[in-house]
Protein chains: 4
Amino acid sequence: MSSTKRTLKWERRPEARPQELLDAALRVFATRGYRNTRLEEVAAEAGVTKGALYHYFENKEELLLRAIQHYQARAFGRMEEAMRGERGPASARLRRMVESAFSGNDDARRDVLLLLNGLAHAVPEVYREWLATGPMKAWRLIAAIIEDGKKSGEFRADADSEVAARLLVSGLVTQLVWQYHAGDVPGIRIGHRRLIQSAIDLCLAGLQPAAST
Amino acid sequence: MSSTKRTLKWERRPEARPQELLDAALRVFATRGYRNTRLEEVAAEAGVTKGALYHYFENKEELLLRAIQHYQARAFGRMEEAMRGERGPASARLRRMVESAFSGNDDARRDVLLLLNGLAHAVPEVYREWLATGPMKAWRLIAAIIEDGKKSGEFRADADSEVAARLLVSGLVTQLVWQYHAGDVPGIRIGHRRLIQSAIDLCLAGLQPAAST
Amino acid sequence: MSSTKRTLKWERRPEARPQELLDAALRVFATRGYRNTRLEEVAAEAGVTKGALYHYFENKEELLLRAIQHYQARAFGRMEEAMRGERGPASARLRRMVESAFSGNDDARRDVLLLLNGLAHAVPEVYREWLATGPMKAWRLIAAIIEDGKKSGEFRADADSEVAARLLVSGLVTQLVWQYHAGDVPGIRIGHRRLIQSAIDLCLAGLQPAAST
Amino acid sequence: MSSTKRTLKWERRPEARPQELLDAALRVFATRGYRNTRLEEVAAEAGVTKGALYHYFENKEELLLRAIQHYQARAFGRMEEAMRGERGPASARLRRMVESAFSGNDDARRDVLLLLNGLAHAVPEVYREWLATGPMKAWRLIAAIIEDGKKSGEFRADADSEVAARLLVSGLVTQLVWQYHAGDVPGIRIGHRRLIQSAIDLCLAGLQPAAST
DNA sequence: AATGAATGAGGCTTCATTCAT
DNA sequence: CATGAATGAAGCCTCATTCAT
């Protein structure tokens with residue numbers, strides 16, 4: 001009797017339920033911010049009710065953490081795939097790397113970045129984990145490429161690869177967030193493509209071996 | 001004895017009270033985040049009680065807004081003073097500008113930046129005003145300097161001054177925030193001076209006229 | 001034992017919960033006044049806690065509005081039923097109408113009237129809606145009966161039916177409130193039945209066609 | 001020195017200060033309601049500051065009480081003066097009495113009545129005192145006149161003078177309040193003069209000795 | 001597993017009242 | 001007397017979390 005009921009429900013809801021919840025959660029969190037989001041909203045977005053969330057997650061914080069991990073995994077998966085087997089000159093690899101890292105110019109992407117930026121006080125652990133597995137990982141990869149270029153003579157030996165990589169990553173991430181989410185501040189917008197390309201160009205130009213001599 | 005206690009309270013009631021409240025508020029907001037801060041904490045930090053805040057400010061949000069404006073005014077005051085009468089070559093002016101903008105390497109500075117970064121969802125108006133009067137203003141000044149340099153032949157004519165300025169400002173702001181507040185993520189720290197100088201160097205190198213010819 | 005306690009709580013959770021809350025709310029509001037009533041008291045009266053109220057009502061004001069509407073609906077329901085199919089002479093209909101309108105001589109009735117009288121400044125919208133759906137509706141019905149009587153020659157043709165109806169309704173409503181709630185002012189009490197009957201008698205006498213000629 | 005300052009202030013503020021405060025208080029209380037009124041508003045209306053009120057009155061409640069007593073004294077003063085030496089037939093005296101009691105058709109009058117109506121829960125003592133010294137006093141005077149008329153044969157011997165007087169007073173008071181303060185409820189307005197006159201007419205007609213015989 | 005009513009701690013805001021000046 | 005900054009109790013409302021069904 002009760003099993004009949006249950007089965008009916010389950011027909012339209014396979015075991016992917018947790019994933020669906022995570023997706024819904026990230027969507028709402030990213031749109032409205034962590035503190036602004038009521039669990040009820042997440043539930044509604046996922047088509048369930050509040051209580052259901054507690055079957056899968058301890059509490060709001062864990063839901064956020066898992067949602068972000070889920071997102072990061074996919075994002076980095078894409079980037080790693082794009083970099084697979086890259087072998088050319090350092091400048092080309094750097095360009096490709098940055099391009100693939102910032103290719104996804106969708107709203108969701110920027111919403112997530114804004115969300116994460118606001119997490120430092122609300123959920124410091126999540127903030128730190130994101131930094132470690134996101135931006136830092138990215139700039140280390142880039143720094144390594146620059147180091148390669150320095151060794152091969154393609155780049156100036158005295159270049160500060162660490163700072164260059166950091167500037168590129170933090171600058172671009174932040175520009176994406178700012179220009180998009182403060183969209184109606186006059187003059188803040190700039191073309192996505194231009195931003196990425198000019199930034200890479202500037203960086204590569206700055207890494208060139210000294211002009212004279 | 002009891003008169004001593006009483007006197008203590010009344011000794012600290014100068015005409016500068018609003019300023020004191022703003023300072024205290026910014027201190028607490030920056031340390032704990034806007035949402036995490038109870039007005040009672042702000043009051044305690046200022047040595048008054050909750051209700052006193054409402055003599056000077058409509059509500060929590062206005063308190064935040066005013067505290068930030070107060071802070072911004074001082075910060076930009078310092079920068080403008082530093083830039084007063086600067087006339088040298090563009091590269092020198094750019095360097096001085098960035099140095100003065102990021103000179104304040106104190107904790108308070110970075111706490112405030114982190115606070116602001118988390119305001120997008122909590123208090124969008126404040127977030128936007130900050131962007132418009134802070135970072136944007138800064139990168140516009142820098143972009144203007146670069147344009148000067150392009151006109152005088154000091155910089156490459158095809159350089160994207162807009163993007164260079166943005167990258168420098170957003171990159172440095174974000175690095176300050178990240179490296180400091182995620183301080184125990186291993187490997188995220190970098191010397192403040194090195195960060196600033198290397199960033200400027202990279203940027204200036206990237207703006208040099210083409211090497212060959 | 002502990003299970004008993006628990007059960008007690010859960011036994012009273014029928015689908016009629018909103019109604020229960022409305023009843024409890026009206027009871028407390030009417031007893032203590034709108035401003036004097038803490039939502040916690042309403043909740044306690046209903047056997048729930050503060051928060052539960054917010055499942056059903058937006059805020060204190062809506063709770064009041066709904067409680068009053070709920071009450072008015074019942075009150076007018078009773079009156080309409082009493083008037084169903086009345087066809088006799090105007091004087092009889094008027095008498096029956098007023099009697100049925102003021103039959104409920106219970107405390108609750110008078111408490112509610114007092115409550116409503118104090119709402120003009122606190123919640124003007126509710127006050128106005130009550131006026132429009134309560135007293136005004138009542139005196140319009142009465143005025144219509146008097147007009148009937150005038151047409152049939154039962155009442156003086158020059159009688160001011162509008163004012164008569166208003167005087168009757170407002171006078172009686174107010175007397176109920178005053179005499180009851182200022183009960184210990186010496187000499188303010190008067191028998192309910194006598195008040196109603198004498199008022200009707202006076203009114204009907206005043207509506208009689210002129211004596212002489 | 002300090003006496004100089006004091007004198008300056010006193011030049012424009014004679015000893016009538018308490019009266020001014022009472023007037024200002026009644027004005028604000030009547031306009032906004034007792035609970036809605038902040039002492040600061042009263043002070044502003046009187047051109048002083050909050051603290052000053054506490055030099056003359058214990059607290060908010062006493063301020064209200066005194067303001068109302070002050071008002072009542074004047075109102076009844078006027079009425080008694082109007083009734084001085086009235087000697088004609090009962091019907092004429094009744095008419096004159098009611099007319100003089102309700103002559104003041106000003107806004108202030110109605111505001112005060114509304115204020116008082118809402119005081120039952122907020123400040124029961126004031127409410128009761130008002131009832132005793134206002135409406136009750138009025139209807140007793142009127143009942144006495146009617147009794148005179150009964151004795152002289154001008155009115156029906158079986159008339160209920162008590163109820164007639166009450167109905168007249170409460171009905172008119174309430175109509176003034178309702179029609180004015182619910183002014184935008186369509187159809188609630190009626191001419192002041194017509195209301196008073198028709199009410200008196202109806203009452204007198206109802207008091208006539210029986211028509212036939 | 002899912003529901004959703006209920007809980008209750010937490011925080012913002014109001015304002016009568018006090019009191020040093 | 002007058003000021004007005006400061007107090008602090010009170011009350012509304014929110015929402016993460018629980019739990020009987």
# chains A, B, ... in the order shown; residues from 1 in each chain; ligands from 1

call {"tool": "residues_around", "arguments": {"residues": "Pro124 in chain B", "least_positions_apart": "2", "cutoff": "12 Å", "atoms": "only C-alpha atoms (C1' of nucleotides)", "output": "ChimeraX atom specification"}}
result
/A:32-33,36,114,118,178,181-185 /B:61,64-65,116-122,126-131

call {"tool": "calpha_fit_rmsd", "arguments": {"fixed": "chain A", "moving": "chain C"}}
result
2.5 Å

call {"tool": "residues_around", "arguments": {"residues": "Arg140 in chain D", "least_positions_apart": "6", "cutoff": "9 Å", "atoms": "only C-alpha atoms (C1' of nucleotides)", "output": "PyMOL selection string"}}
result
chain D and resi 162+165-166

call {"tool": "interface_residues", "arguments": {"of": "chain E", "to": "chain D", "cutoff": "10 Å", "atoms": "only C-alpha atoms (C1' of nucleotides)", "output": "PDB file with C-alpha atoms (C1' of nucleotides), in the first residue's frame"}}
result
ATOM      1  C1'  DT E  14      11.438  51.633  18.282  1.00  0.00           C
ATOM      2  C1'  DC E  15      10.860  54.790  21.827  1.00  0.00           C
ATOM      3  C1'  DA E  16       9.729  56.202  26.707  1.00  0.00           C
ATOM      4  C1'  DT E  17      12.671  57.629  30.039  1.00  0.00           C
ATOM      5  C1'  DT E  18      16.997  59.229  32.265  1.00  0.00           C
ATOM      6  C1'  DC E  19      20.650  62.359  33.225  1.00  0.00           C
TER       7       DC E  19
END

call {"tool": "residues_around", "arguments": {"residues": "Pro18 in chain A", "least_positions_apart": "4", "cutoff": "10 Å", "atoms": "only C-alpha atoms (C1' of nucleotides)", "output": "PDB file with C-alpha atoms, in the first residue's frame"}}
result
ATOM      1  CA  PRO A  14      15.535   8.359 -10.334  1.00  0.00           C
ATOM      2  CA  LEU A  22      23.038  20.171  -5.870  1.00  0.00           C
ATOM      3  CA  ASP A  23      22.343  21.758  -9.206  1.00  0.00           C
ATOM      4  CA  ALA A  24      19.263  23.474  -7.936  1.00  0.00           C
ATOM      5  CA  LEU A  53      17.003  18.333   1.653  1.00  0.00           C
ATOM      6  CA  HIS A  55      17.704  13.473   3.836  1.00  0.00           C
ATOM      7  CA  TYR A  56      20.735  14.172   1.729  1.00  0.00           C
ATOM      8  CA  PHE A  57      22.604  16.906   3.525  1.00  0.00           C
ATOM      9  CA  ARG A  66      28.848  19.892  -1.901  1.00  0.00           C
ATOM     10  CA  ALA A  67      27.202  22.043  -4.523  1.00  0.00           C
TER      11      ALA A  67
END

call {"tool": "residues_around", "arguments": {"residues": "DA6 in chain F", "least_positions_apart": "5", "cutoff": "8 Å", "atoms": "only C-alpha atoms (C1' of nucleotides)", "output": "ChimeraX atom specification"}}
result
/B:48-49,51-52

call {"tool": "select_by_dssp", "arguments": {"residues": "range 25-158 of chain D", "states": "helix (DSSP H, G or I)", "output": "MDAnalysis selection string"}}
result
chainID D and resid 25:32 39:46 50:56 60:83 90:101 107:117 119:122 124:133 135:151

call {"tool": "atom_distance", "arguments": {"atom1": "CA of Met136 in chain A", "atom2": "CA of Phe102 in chain B"}}
result
21.8 Å
